[in-house]
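For reference, the structure discussed in these notes is given below.
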Amino acid sequence: MEAPNLLETGVAAMVLAAAFLIGERTRILGRLLTPRSFTSFGGGMAAAYVFLHVMPELHGARHAFTEAAAMALPYEGKAIYYLALAGFLSFYGIRHFHASQLKRATDGKPSRLDFQVQIGGFAAYAWLMGYLLLRGLEAHHAAIGLYAAAMSFHCLAINRELSHEYGNDYRRSGRFLLAGMALVGWASAALLDLPASLIPLLLAFLSGAVIMNSLILELPTEKDGRFWPFLTGGLLYGLILLPLG
């Protein structure tokens with residue numbers, strides 16, 4: 001691994017970690033954007049990143065996966081798309097578990113098990129973001145910067161939602177765990193080179209998970225998301241990504 005790439009991705013990993021630690025107190029563009037508008041704008045960016053950057057890469061990843069495999073694959077490597085679906089459904093399942101736990105709670109508060117499942121799922125998510133920061137991207141400035149920008153906004157939205165749902169439990173321990181896992185993911189990538197056939201699968205799983213979490217956290221619904229910032233973030237960031245391929 002080249003030193004300049006390690007340095008750039010290391011800085012990007014610290015940005016992701018910082019988003020988990022300071023997200024709920026961020027007041028960037030203070031009077032122009034409310035905190036919810038700010039995270040909604042970031043949610044649109046994350047969605048644009050998946051649709052215009054990650055999804056097109058899945059087509060190439062499918063061929064890379066097929067070529068890296070030691071044997072002929074059924075369905076010509078379409079497992080890539082199935083893994084994206086698995087990522088999507090996994091985080092839908094985690095959020096559904098949260099909703100079912102709240103319905104069962106007599107006091108309307110999340111249970112300890114609910115907290116552990118949510119934090120465990122998002123800890124794995126943060127690790128995967130950190131790992132693919134170094135191992136899943138083209139080694140040039142634009143790719144690293146675009147990934148870091150989109151995912152840091154996405155982490156802000158995750159941080160805000162978990163802080164709202166779990167309060168002091170999340171602020172005392174959860175946010176530090178997620179921040180740490182983003183850094184551990186990057187460090188794991190620096191030390192551990194997984195088989196080439198596995199990287200496209202991880203990328204596919206992450207892309208599906210990002211789509212689901214962006215929809216759950218930022219799509220304007222009863223959760224009081226902001227439609228226009230979400231739309232603006234998606235369209236503007238999409239225009240940036242479009243000529244870059």
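Residues in the structure tokens are named by chain (A, B, ... in the order shown) and by number from 1 within that chain; ligands are numbered from 1 in the order shown.
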- Item | Which of segment 108-224 of chain A fall in alpha helix (DSSP H), as a ChimeraX atom specification | /A:112-135,141-169,175-191,199-218
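When the distance limit is 10 Å and only C-alpha atoms are what count, the residues near Gly120 of chain A, minus those fewer than 6 positions from it on the same chain, are Ile94, Asp114, Ala126, Gly174, Leu177 and Leu178 of chain A.
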For the selection just defined, write its residues with C-alpha atoms to a file, as a PDB file, in the first residue's frame.
ATOM      1  CA  ILE A  94     -32.549  -3.983  12.103  1.00  0.00           C
ATOM      2  CA  ASP A 114     -32.700  -3.013  21.122  1.00  0.00           C
ATOM      3  CA  ALA A 126     -18.945   1.797  10.212  1.00  0.00           C
ATOM      4  CA  GLY A 174     -22.439   4.250  21.251  1.00  0.00           C
ATOM      5  CA  LEU A 177     -17.870   2.752  19.388  1.00  0.00           C
ATOM      6  CA  LEU A 178     -19.057   3.784  15.913  1.00  0.00           C
TER       7      LEU A 178
END
- Query: Which one is closest to His59 of chain A: A:Gln118, A:Gly43, A:Ile80, A:Leu133? Count only C-alpha atoms.
  - Reply: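 Closest candidate: A:Ile80.
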Mind running segment 105-167 of chain A against segment 231-242 of chain A at 10 Å and telling me each contacting residue's nearest atom pair with the distance in Å (one decimal), counting only C-alpha atoms, chain and number ascending, as a Markdown table?
| residue | atom | partner | partner_atom | distance |
| --- | --- | --- | --- | --- |
| A:Ala142 | CA | A:Leu241 | CA | 9.8 |
| A:Ala143 | CA | A:Leu241 | CA | 9.8 |
| A:Leu146 | CA | A:Leu241 | CA | 8.2 |
| A:Ala149 | CA | A:Tyr237 | CA | 10.0 |
| A:Ala150 | CA | A:Tyr237 | CA | 8.7 |
Could you dump the residues just selected with N, CA and C atoms as a PDB file, in the first residue's frame?
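Resulting contents of out_35.pdb:
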ATOM      1  N   ALA A 142      -9.877  12.186  -6.362  1.00  0.00           N
ATOM      2  CA  ALA A 142     -11.307  12.437  -6.563  1.00  0.00           C
ATOM      3  C   ALA A 142     -12.161  11.363  -5.922  1.00  0.00           C
ATOM      4  N   ALA A 143     -11.801  10.094  -6.138  1.00  0.00           N
ATOM      5  CA  ALA A 143     -12.603   9.004  -5.589  1.00  0.00           C
ATOM      6  C   ALA A 143     -12.613   9.038  -4.066  1.00  0.00           C
ATOM      7  N   LEU A 146     -14.672  12.188  -2.832  1.00  0.00           N
ATOM      8  CA  LEU A 146     -16.112  12.050  -3.038  1.00  0.00           C
ATOM      9  C   LEU A 146     -16.717  11.064  -2.043  1.00  0.00           C
ATOM     10  N   ALA A 149     -16.741  12.685   1.503  1.00  0.00           N
ATOM     11  CA  ALA A 149     -17.761  13.727   1.632  1.00  0.00           C
ATOM     12  C   ALA A 149     -19.146  13.124   1.780  1.00  0.00           C
ATOM     13  N   ALA A 150     -19.487  12.197   0.890  1.00  0.00           N
ATOM     14  CA  ALA A 150     -20.824  11.604   0.928  1.00  0.00           C
ATOM     15  C   ALA A 150     -21.046  10.812   2.208  1.00  0.00           C
TER      16      ALA A 150
END
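Among A:Ser40, A:Ser111, A:Gln116, A:Ser173, the residue with the shortest atom-to-atom distance to Glu161 of chain A, counting only C-alpha atoms, is A:Ser40.
The closest residue to Leu21 of chain A, picked from A:Phe153, A:Phe91, A:Phe227, A:Phe176 and counting only C-alpha atoms, is A:Phe176.
With only C-alpha atoms as the atoms that count, the residue of A:His96, A:Ala179, A:Tyr131, A:Met55 with the shortest distance to Val117 of chain A is A:His96.
Going from atom CA of Pro200 of chain A to atom CA of Ala48 of chain A covers 19.5 Å.
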With distances taken over only C-alpha atoms, the candidate from A:Phe51, A:Trp127, A:Phe38, A:Phe205 nearest Ala17 of chain A is A:Trp127
